[in-house]
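Content type mmCIF, C-alpha atoms, from the file start-v3.cif:
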```cif
data_my_file
loop_
_atom_site.label_atom_id
_atom_site.label_comp_id
_atom_site.auth_asym_id
_atom_site.auth_seq_id
_atom_site.Cartn_x
_atom_site.Cartn_y
_atom_site.Cartn_z
CA MET M 1 44.80 66.81 72.35
CA LYS M 2 48.09 66.15 74.18
CA PRO M 3 48.79 68.21 77.35
CA TYR M 4 51.92 69.84 75.84
CA THR M 5 50.07 70.88 72.68
CA LYS M 6 47.18 72.10 74.77
CA ASN M 7 49.43 74.34 76.88
CA ILE M 8 51.06 75.89 73.81
CA PHE M 9 47.65 76.52 72.30
CA LEU M 10 46.46 78.24 75.47
CA ILE M 11 49.58 80.47 75.54
CA ALA M 12 49.06 81.53 71.93
CA LEU M 13 45.37 82.13 72.55
CA CYS M 14 46.13 84.38 75.52
CA ILE M 15 48.60 86.40 73.44
CA LEU M 16 46.04 86.94 70.68
CA VAL M 17 43.33 87.91 73.17
CA LEU M 18 45.53 90.43 74.92
CA LYS M 19 46.53 92.02 71.59
CA GLY M 20 42.91 92.20 70.56
CA VAL M 21 41.91 93.89 73.84
CA SER M 22 44.72 96.43 73.69
CA GLY M 23 44.09 97.20 70.03
CA GLN M 24 47.80 97.18 69.24
CA LYS M 25 49.39 95.98 66.07
CA PRO M 26 51.37 92.74 66.22
CA GLY M 27 54.83 93.39 67.68
CA ILE M 28 56.58 92.64 70.94
CA GLN M 29 56.71 95.62 73.29
CA VAL M 30 60.20 96.07 74.71
CA SER M 31 62.24 99.10 75.64
CA PRO M 32 64.12 100.68 72.74
CA VAL M 33 67.81 99.94 72.34
CA LYS M 34 69.66 102.98 73.68
CA ASP M 35 72.87 104.15 72.09
CA THR M 36 75.49 104.25 74.87
CA THR M 37 78.51 104.77 72.62
CA ILE M 38 81.09 107.17 74.06
CA ILE M 39 84.25 108.64 72.59
CA LEU M 40 87.10 108.25 75.07
CA PRO M 41 89.76 110.98 75.32
CA PRO M 42 93.37 110.01 74.52
CA LEU M 43 94.82 107.58 77.03
CA VAL M 44 97.65 109.95 77.96
CA ASP M 45 95.11 112.63 78.96
CA LEU M 46 93.27 110.16 81.17
CA ILE M 47 96.53 109.13 82.86
CA ASP M 48 97.51 112.76 83.51
CA SER M 49 94.09 113.49 84.99
CA ALA M 50 94.26 110.39 87.20
CA LEU M 51 97.71 111.36 88.52
CA LYS M 52 96.42 114.82 89.45
CA HIS M 53 93.21 113.46 90.98
CA ASN M 54 94.63 110.53 92.97
CA ALA M 55 94.98 111.19 96.71
CA SER M 56 97.84 108.72 97.14
CA VAL M 57 99.95 110.57 94.58
CA ARG M 58 99.27 113.87 96.34
CA TYR M 59 100.29 112.28 99.63
CA ARG M 60 103.58 111.08 98.15
CA ASN M 61 104.26 114.54 96.76
CA LEU M 62 103.67 116.13 100.16
CA ASP M 63 105.92 113.52 101.75
CA ILE M 64 108.72 114.56 99.37
CA GLN M 65 108.27 118.17 100.44
CA VAL M 66 108.54 117.14 104.08
CA ARG M 67 111.72 115.16 103.35
CA GLU M 68 113.24 118.09 101.45
CA SER M 69 112.51 120.38 104.40
CA GLY M 70 114.04 117.83 106.78
CA LEU M 71 117.21 117.65 104.66
CA LYS M 72 117.63 121.43 104.74
CA THR M 73 117.12 121.41 108.50
CA THR M 74 119.80 118.74 108.88
CA GLN M 75 122.21 120.62 106.65
CA ASN M 76 121.74 123.82 108.70
CA TYR M 77 121.73 122.06 112.07
CA TRP M 78 125.28 123.21 112.89
CA LEU M 79 124.13 126.84 112.91
CA ARG M 80 122.46 126.29 116.26
CA ASN M 81 125.95 126.14 117.80
CA MET M 82 126.82 129.72 116.88
CA GLY M 83 125.16 133.09 117.22
CA PHE M 84 125.00 136.45 118.89
CA GLN M 85 124.03 137.14 122.46
CA ALA M 86 123.09 140.55 123.85
CA ASP M 87 121.64 141.74 127.12
CA THR M 88 120.82 145.01 128.86
CA ARG M 89 120.08 145.81 132.48
CA TYR M 90 118.98 148.87 134.42
CA GLY M 91 119.36 149.23 138.17
CA THR M 92 121.59 150.18 141.07
CA PHE M 93 125.13 149.00 140.68
CA ASP M 94 128.25 149.28 142.88
CA ASN M 95 131.23 150.60 141.00
CA PHE M 96 134.71 149.95 142.30
CA SER M 97 137.86 151.85 141.37
CA SER M 98 141.36 152.13 142.76
CA THR M 99 144.25 154.51 142.65
CA ALA M 100 147.72 153.11 142.89
CA THR M 101 150.83 155.02 143.83
CA THR M 102 154.33 153.92 144.53
CA GLN M 103 153.56 153.75 148.20
CA SER M 104 149.92 152.56 148.43
CA THR M 105 146.68 151.68 146.64
CA THR M 106 143.47 153.47 147.47
CA MET M 107 140.05 151.78 146.82
CA TYR M 108 136.89 153.79 146.03
CA THR M 109 133.32 152.54 146.04
CA ALA M 110 130.38 154.35 144.42
CA THR M 111 126.71 153.39 144.09
CA SER M 112 124.62 154.63 141.14
CA LYS M 113 121.65 153.82 138.92
CA GLN M 114 122.61 153.10 135.35
CA PHE M 115 122.13 150.98 132.21
CA ASN M 116 124.48 148.07 131.64
CA TYR M 117 124.55 146.23 128.33
CA GLY M 118 126.61 143.60 126.63
CA LEU M 119 126.99 142.12 123.12
CA GLY M 120 128.94 139.08 122.09
CA LEU M 121 129.39 136.27 119.58
CA TYR M 122 129.40 132.66 120.73
CA LEU M 123 130.49 129.46 118.98
CA LYS M 124 130.09 125.93 120.34
CA LEU M 125 131.58 122.85 118.74
CA PRO M 126 129.93 119.74 120.23
CA LEU M 127 132.01 116.72 119.32
CA GLY M 128 128.96 114.58 118.69
CA ASP M 129 127.55 117.00 116.12
CA ILE M 130 130.88 117.22 114.32
CA LEU M 131 131.38 113.46 114.08
CA ASP M 132 127.74 112.60 113.23
CA ARG M 133 126.98 115.44 110.81
CA LYS M 134 127.92 113.51 107.68
CA ASN M 135 125.84 110.51 108.75
CA GLN M 136 122.79 112.70 109.50
CA ILE M 137 122.93 114.35 106.08
CA LYS M 138 123.34 110.95 104.41
CA GLY M 139 120.27 109.62 106.25
CA ALA M 140 118.16 112.65 105.33
CA ASN M 141 119.17 112.26 101.66
CA ALA M 142 118.25 108.57 101.76
CA GLN M 143 114.81 109.38 103.19
CA LEU M 144 114.26 111.93 100.44
CA GLU M 145 115.22 109.46 97.71
CA GLN M 146 112.99 106.85 99.33
CA ALA M 147 110.03 109.24 99.20
CA ARG M 148 110.72 110.01 95.52
CA ALA M 149 110.92 106.29 94.69
CA MET M 150 107.59 105.70 96.45
CA GLU M 151 106.02 108.51 94.43
CA GLU M 152 107.27 106.97 91.17
CA ALA M 153 105.96 103.55 92.21
CA GLN M 154 102.57 105.08 93.03
CA GLN M 155 102.44 106.84 89.68
CA ASP M 156 103.31 103.60 87.85
CA GLU M 157 100.48 101.85 89.69
CA ILE M 158 98.00 104.57 88.72
CA ARG M 159 99.11 104.44 85.07
CA GLN M 160 98.60 100.67 84.96
CA MET M 161 95.20 101.01 86.64
CA VAL M 162 94.03 103.56 84.06
CA ILE M 163 95.32 101.44 81.16
CA ARG M 164 93.51 98.34 82.43
CA GLN M 165 90.25 100.19 83.08
CA TYR M 166 90.51 102.01 79.73
CA GLN M 167 90.74 98.69 77.91
CA GLU M 168 87.95 97.30 80.09
CA VAL M 169 85.62 100.12 79.02
CA LEU M 170 86.48 99.57 75.34
CA LEU M 171 85.80 95.83 75.69
CA LYS M 172 82.48 96.33 77.49
CA GLN M 173 81.46 98.90 74.88
CA ARG M 174 82.19 96.48 72.03
CA LEU M 175 80.27 93.69 73.78
CA LEU M 176 77.36 96.05 74.35
CA ASN M 177 77.30 96.99 70.67
CA ILE M 178 77.20 93.30 69.75
CA ARG M 179 74.35 92.65 72.19
CA SER M 180 72.53 95.71 70.89
CA LEU M 181 72.83 94.47 67.29
CA ASN M 182 71.62 91.01 68.29
CA LEU M 183 68.64 92.48 70.10
CA GLY M 184 67.73 94.65 67.12
CA ASN M 185 67.88 91.64 64.79
CA ALA M 186 65.79 89.59 67.21
CA ARG M 187 63.11 92.28 67.30
CA VAL M 188 62.93 92.46 63.53
CA ASN M 189 62.70 88.68 63.40
CA MET M 190 59.95 88.73 66.01
CA GLU M 191 57.91 91.23 64.01
CA MET M 192 58.06 88.92 61.00
CA VAL M 193 57.19 85.85 63.08
CA GLU M 194 54.20 87.58 64.63
CA LYS M 195 52.82 88.47 61.23
CA GLN M 196 53.33 84.91 60.02
CA PHE M 197 51.75 83.52 63.18
CA ALA M 198 48.74 85.82 62.82
CA ASN M 199 48.30 84.56 59.25
CA GLY M 200 48.62 80.95 60.38
CA LEU M 201 51.90 80.38 58.52
CA ILE M 202 53.93 79.05 61.48
CA PRO M 203 52.96 76.76 64.36
CA VAL M 204 52.57 77.86 67.96
CA ALA M 205 55.74 76.03 69.02
CA GLU M 206 57.86 78.10 66.61
CA TYR M 207 56.24 81.30 67.87
CA VAL M 208 57.07 80.41 71.48
CA ARG M 209 60.65 79.50 70.53
CA ILE M 210 61.25 82.88 68.84
CA SER M 211 59.73 84.64 71.86
CA ASP M 212 62.26 82.88 74.09
CA ILE M 213 65.08 83.99 71.78
CA ILE M 214 64.17 87.66 71.99
CA SER M 215 63.76 87.41 75.78
CA THR M 216 67.27 85.96 76.00
CA ALA M 217 68.60 88.72 73.73
CA GLU M 218 66.93 91.35 75.93
CA LEU M 219 68.50 89.91 79.08
CA ALA M 220 71.92 89.69 77.44
CA TYR M 221 71.68 93.31 76.30
CA GLU M 222 70.69 94.60 79.75
CA SER M 223 73.51 92.62 81.36
CA ALA M 224 76.07 93.99 78.89
CA ARG M 225 74.74 97.51 79.38
CA SER M 226 75.05 97.22 83.16
CA GLU M 227 78.64 95.96 82.88
CA PHE M 228 79.54 98.77 80.50
CA ILE M 229 78.07 101.47 82.74
CA THR M 230 79.87 100.00 85.77
CA SER M 231 83.27 99.93 84.03
CA LYS M 232 82.69 103.49 82.76
CA MET M 233 81.85 104.77 86.25
CA ILE M 234 84.96 103.12 87.70
CA LEU M 235 87.13 104.84 85.07
CA GLU M 236 85.41 108.16 85.80
CA ASP M 237 86.16 107.74 89.50
CA ILE M 238 89.84 107.10 88.74
CA ILE M 239 90.34 110.04 86.36
CA GLY M 240 88.16 112.50 88.29
CA PHE M 241 85.69 113.63 85.61
CA ARG M 242 82.68 112.28 83.72
CA LEU M 243 82.84 110.73 80.29
CA THR M 244 79.95 111.97 78.16
CA MET M 245 78.51 110.85 74.87
CA PRO M 246 78.66 113.06 71.77
CA ALA M 247 75.84 115.60 71.63
CA SER M 248 74.26 113.88 68.63
CA LYS M 249 73.95 110.61 70.57
CA GLN M 250 72.59 111.90 73.87
#
```

This entry written out as structure tokens:
Amino acid sequence: MKPYTKNIFLIALCILVLKGVSGQKPGIQVSPVKDTTIILPPLVDLIDSALKHNASVRYRNLDIQVRESGLKTTQNYWLRNMGFQADTRYGTFDNFSSTATTQSTTMYTATSKQFNYGLGLYLKLPLGDILDRKNQIKGANAQLEQARAMEEAQQDEIRQMVIRQYQEVLLKQRLLNIRSLNLGNARVNMEMVEKQFANGLIPVAEYVRISDIISTAELAYESARSEFITSKMILEDIIGFRLTMPASKQ
């Protein structure tokens, strides 16, 4: 007997012995194919959720509020140059008075405790503020428009990210369904081959070849499933909530 044929014979013999010890019916024991199909919400809903959830978009919105506040401050900056001023004092004061006649003037001095108060309106017109006011308002408006443009650019980036990841999830789901179908077909084929092998209808080499095929199908399915789950989790992280399967499929 050739070494290659001998090795195949030993492999088949071990398989038959193990099945006989376990008392199981012929059939390869692999994990069942799980249904991971999900129904994605409309793309526009995912984009809206991502825009609300994204920290960069919130930052840009807060930056706009800061710029709007800065513009109002600049527009009202001139008010600092006008206002009211009032003061009151209590203490001992010297009061002076005089009496004038055609011949002489008589001065009188009196000391008393009393309240003194004053109220007035002031207005200052610094030349620098007057000349630079228009330029300051123009600069504040430009900063505000810059912040709004950055917010729009950030929103466009988030929309494109969601669209790409949305399509990625759909692609990985389709590939997973294909791998799942291939694995199911391979298992059915393996059941038939095991029955034929047990009845001596196919050689050992064919049995080993079919076993390799189902092992490859199993690996391909697990790889596709891992890629699908990863793409789904990335999309969930972007939009801020979990994507669940229909109740009938969980």

With the cut-off set at 12 Å and counting all atoms listed in the file, tabulate each residue of range 133-210 of chain M with an atom at most that distance from an atom of range 35-59 of chain M, showing the nearest atom pair and its distance in Å to one decimal, ordered by chain and increasing number, as JSON lines.
```
{"residue": "M:Ala147", "atom": "CA", "partner": "M:Tyr59", "partner_atom": "CA", "distance": 10.2}
{"residue": "M:Arg148", "atom": "CA", "partner": "M:Val57", "partner_atom": "CA", "distance": 10.8}
{"residue": "M:Ala149", "atom": "CA", "partner": "M:Val57", "partner_atom": "CA", "distance": 11.8}
{"residue": "M:Met150", "atom": "CA", "partner": "M:Val57", "partner_atom": "CA", "distance": 9.3}
{"residue": "M:Glu151", "atom": "CA", "partner": "M:Val57", "partner_atom": "CA", "distance": 6.4}
{"residue": "M:Glu152", "atom": "CA", "partner": "M:Val57", "partner_atom": "CA", "distance": 8.8}
{"residue": "M:Ala153", "atom": "CA", "partner": "M:Val57", "partner_atom": "CA", "distance": 9.5}
{"residue": "M:Gln154", "atom": "CA", "partner": "M:Val57", "partner_atom": "CA", "distance": 6.3}
{"residue": "M:Gln155", "atom": "CA", "partner": "M:Val57", "partner_atom": "CA", "distance": 6.6}
{"residue": "M:Asp156", "atom": "CA", "partner": "M:Leu51", "partner_atom": "CA", "distance": 9.6}
{"residue": "M:Glu157", "atom": "CA", "partner": "M:Leu51", "partner_atom": "CA", "distance": 10.0}
{"residue": "M:Ile158", "atom": "CA", "partner": "M:Leu51", "partner_atom": "CA", "distance": 6.8}
{"residue": "M:Arg159", "atom": "CA", "partner": "M:Ile47", "partner_atom": "CA", "distance": 5.8}
{"residue": "M:Gln160", "atom": "CA", "partner": "M:Ile47", "partner_atom": "CA", "distance": 9.0}
{"residue": "M:Met161", "atom": "CA", "partner": "M:Ile47", "partner_atom": "CA", "distance": 9.1}
{"residue": "M:Val162", "atom": "CA", "partner": "M:Ile47", "partner_atom": "CA", "distance": 6.2}
{"residue": "M:Ile163", "atom": "CA", "partner": "M:Leu43", "partner_atom": "CA", "distance": 7.4}
{"residue": "M:Arg164", "atom": "CA", "partner": "M:Leu43", "partner_atom": "CA", "distance": 10.8}
{"residue": "M:Gln165", "atom": "CA", "partner": "M:Leu43", "partner_atom": "CA", "distance": 10.6}
{"residue": "M:Tyr166", "atom": "CA", "partner": "M:Leu43", "partner_atom": "CA", "distance": 7.5}
{"residue": "M:Gln167", "atom": "CA", "partner": "M:Leu43", "partner_atom": "CA", "distance": 9.8}
{"residue": "M:Val169", "atom": "CA", "partner": "M:Leu40", "partner_atom": "CA", "distance": 9.2}
{"residue": "M:Leu170", "atom": "CA", "partner": "M:Leu40", "partner_atom": "CA", "distance": 8.7}
{"residue": "M:Leu171", "atom": "CA", "partner": "M:Thr37", "partner_atom": "CA", "distance": 11.9}
{"residue": "M:Lys172", "atom": "CA", "partner": "M:Thr37", "partner_atom": "CA", "distance": 10.5}
{"residue": "M:Gln173", "atom": "CA", "partner": "M:Thr37", "partner_atom": "CA", "distance": 6.9}
{"residue": "M:Arg174", "atom": "CA", "partner": "M:Thr37", "partner_atom": "CA", "distance": 9.1}
{"residue": "M:Leu175", "atom": "CA", "partner": "M:Thr37", "partner_atom": "CA", "distance": 11.3}
{"residue": "M:Leu176", "atom": "CA", "partner": "M:Thr36", "partner_atom": "CA", "distance": 8.4}
{"residue": "M:Asn177", "atom": "CA", "partner": "M:Thr37", "partner_atom": "CA", "distance": 8.1}
{"residue": "M:Ile178", "atom": "CA", "partner": "M:Thr37", "partner_atom": "CA", "distance": 11.9}
{"residue": "M:Arg179", "atom": "CA", "partner": "M:Asp35", "partner_atom": "CA", "distance": 11.6}
{"residue": "M:Ser180", "atom": "CA", "partner": "M:Asp35", "partner_atom": "CA", "distance": 8.5}
{"residue": "M:Leu181", "atom": "CA", "partner": "M:Asp35", "partner_atom": "CA", "distance": 10.8}
{"residue": "M:Gly184", "atom": "CA", "partner": "M:Asp35", "partner_atom": "CA", "distance": 11.9}
```

Selection to disk with C-alpha atoms, as a JSON list (two decimals), keeping the file's coordinate frame:
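Result saved to out_18.json:
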```json
[["chain", "number", "residue", "atom", "x", "y", "z"],
["M", 147, "ALA", "CA", 110.03, 109.24, 99.20],
["M", 148, "ARG", "CA", 110.72, 110.01, 95.52],
["M", 149, "ALA", "CA", 110.92, 106.29, 94.69],
["M", 150, "MET", "CA", 107.59, 105.70, 96.45],
["M", 151, "GLU", "CA", 106.02, 108.51, 94.43],
["M", 152, "GLU", "CA", 107.27, 106.97, 91.17],
["M", 153, "ALA", "CA", 105.96, 103.55, 92.21],
["M", 154, "GLN", "CA", 102.57, 105.08, 93.03],
["M", 155, "GLN", "CA", 102.44, 106.84, 89.68],
["M", 156, "ASP", "CA", 103.31, 103.60, 87.85],
["M", 157, "GLU", "CA", 100.48, 101.85, 89.69],
["M", 158, "ILE", "CA", 98.00, 104.57, 88.72],
["M", 159, "ARG", "CA", 99.11, 104.44, 85.07],
["M", 160, "GLN", "CA", 98.60, 100.67, 84.96],
["M", 161, "MET", "CA", 95.20, 101.01, 86.64],
["M", 162, "VAL", "CA", 94.03, 103.56, 84.06],
["M", 163, "ILE", "CA", 95.32, 101.44, 81.16],
["M", 164, "ARG", "CA", 93.51, 98.34, 82.43],
["M", 165, "GLN", "CA", 90.25, 100.19, 83.08],
["M", 166, "TYR", "CA", 90.51, 102.01, 79.73],
["M", 167, "GLN", "CA", 90.74, 98.69, 77.91],
["M", 169, "VAL", "CA", 85.62, 100.12, 79.02],
["M", 170, "LEU", "CA", 86.48, 99.57, 75.34],
["M", 171, "LEU", "CA", 85.80, 95.83, 75.69],
["M", 172, "LYS", "CA", 82.48, 96.33, 77.49],
["M", 173, "GLN", "CA", 81.46, 98.90, 74.88],
["M", 174, "ARG", "CA", 82.19, 96.48, 72.03],
["M", 175, "LEU", "CA", 80.27, 93.69, 73.78],
["M", 176, "LEU", "CA", 77.36, 96.05, 74.35],
["M", 177, "ASN", "CA", 77.30, 96.99, 70.67],
["M", 178, "ILE", "CA", 77.20, 93.30, 69.75],
["M", 179, "ARG", "CA", 74.35, 92.65, 72.19],
["M", 180, "SER", "CA", 72.53, 95.71, 70.89],
["M", 181, "LEU", "CA", 72.83, 94.47, 67.29],
["M", 184, "GLY", "CA", 67.73, 94.65, 67.12]]
```

For this session: Report as a ChimeraX atom specification the residues that result from applying the PyMOL selection byres ((chain M and resi 220) around 12) to the structure here.
Result: /M:175-183,186,213-219,221-227

Go ahead and write the residues just picked, C-alpha atoms, as a CSV table (one decimal), in the coordinates of the input.
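Contents of again.csv, freshly written:
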```csv
chain,number,residue,atom,x,y,z
M,175,LEU,CA,80.3,93.7,73.8
M,176,LEU,CA,77.4,96.0,74.4
M,177,ASN,CA,77.3,97.0,70.7
M,178,ILE,CA,77.2,93.3,69.8
M,179,ARG,CA,74.4,92.6,72.2
M,180,SER,CA,72.5,95.7,70.9
M,181,LEU,CA,72.8,94.5,67.3
M,182,ASN,CA,71.6,91.0,68.3
M,183,LEU,CA,68.6,92.5,70.1
M,186,ALA,CA,65.8,89.6,67.2
M,213,ILE,CA,65.1,84.0,71.8
M,214,ILE,CA,64.2,87.7,72.0
M,215,SER,CA,63.8,87.4,75.8
M,216,THR,CA,67.3,86.0,76.0
M,217,ALA,CA,68.6,88.7,73.7
M,218,GLU,CA,66.9,91.4,75.9
M,219,LEU,CA,68.5,89.9,79.1
M,221,TYR,CA,71.7,93.3,76.3
M,222,GLU,CA,70.7,94.6,79.8
M,223,SER,CA,73.5,92.6,81.4
M,224,ALA,CA,76.1,94.0,78.9
M,225,ARG,CA,74.7,97.5,79.4
M,226,SER,CA,75.0,97.2,83.2
M,227,GLU,CA,78.6,96.0,82.9
```

Exercise. Which residues fall under the PyMOL selection byres ((chain M and resi 243) around 8) in this file, as a ChimeraX atom specification?
Worked result: /M:38,40,232,236,241-242,244-245

For this session: Please write the residues picked by the PyMOL selection byres ((chain M and resi 144) around 12) on this file as a ChimeraX atom specification.
Result: /M:60-72,137-143,145-151

Centre and edge lengths, as lines of an AutoDock Vina configuration file, for the axis-aligned box enclosing every listed atom of range 182-185 of chain M with 4 Å of padding on each of the six sides, in Å to one decimal?
```
center_x = 69.7
center_y = 92.8
center_z = 67.4
size_x = 11.9
size_y = 11.6
size_z = 13.3
```

For this session: Between CA of Gln75 in chain M and CA of Asp87 in chain M, measure the distance and give it in Å to one decimal.
Result: 29.4 Å

Exercise. Any idea what the distance is between CA of Glu168 in chain M and CA of Ser231 in chain M?
Worked result: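 Result for CA of Glu168 in chain M versus CA of Ser231 in chain M: 6.7 Å, one decimal.
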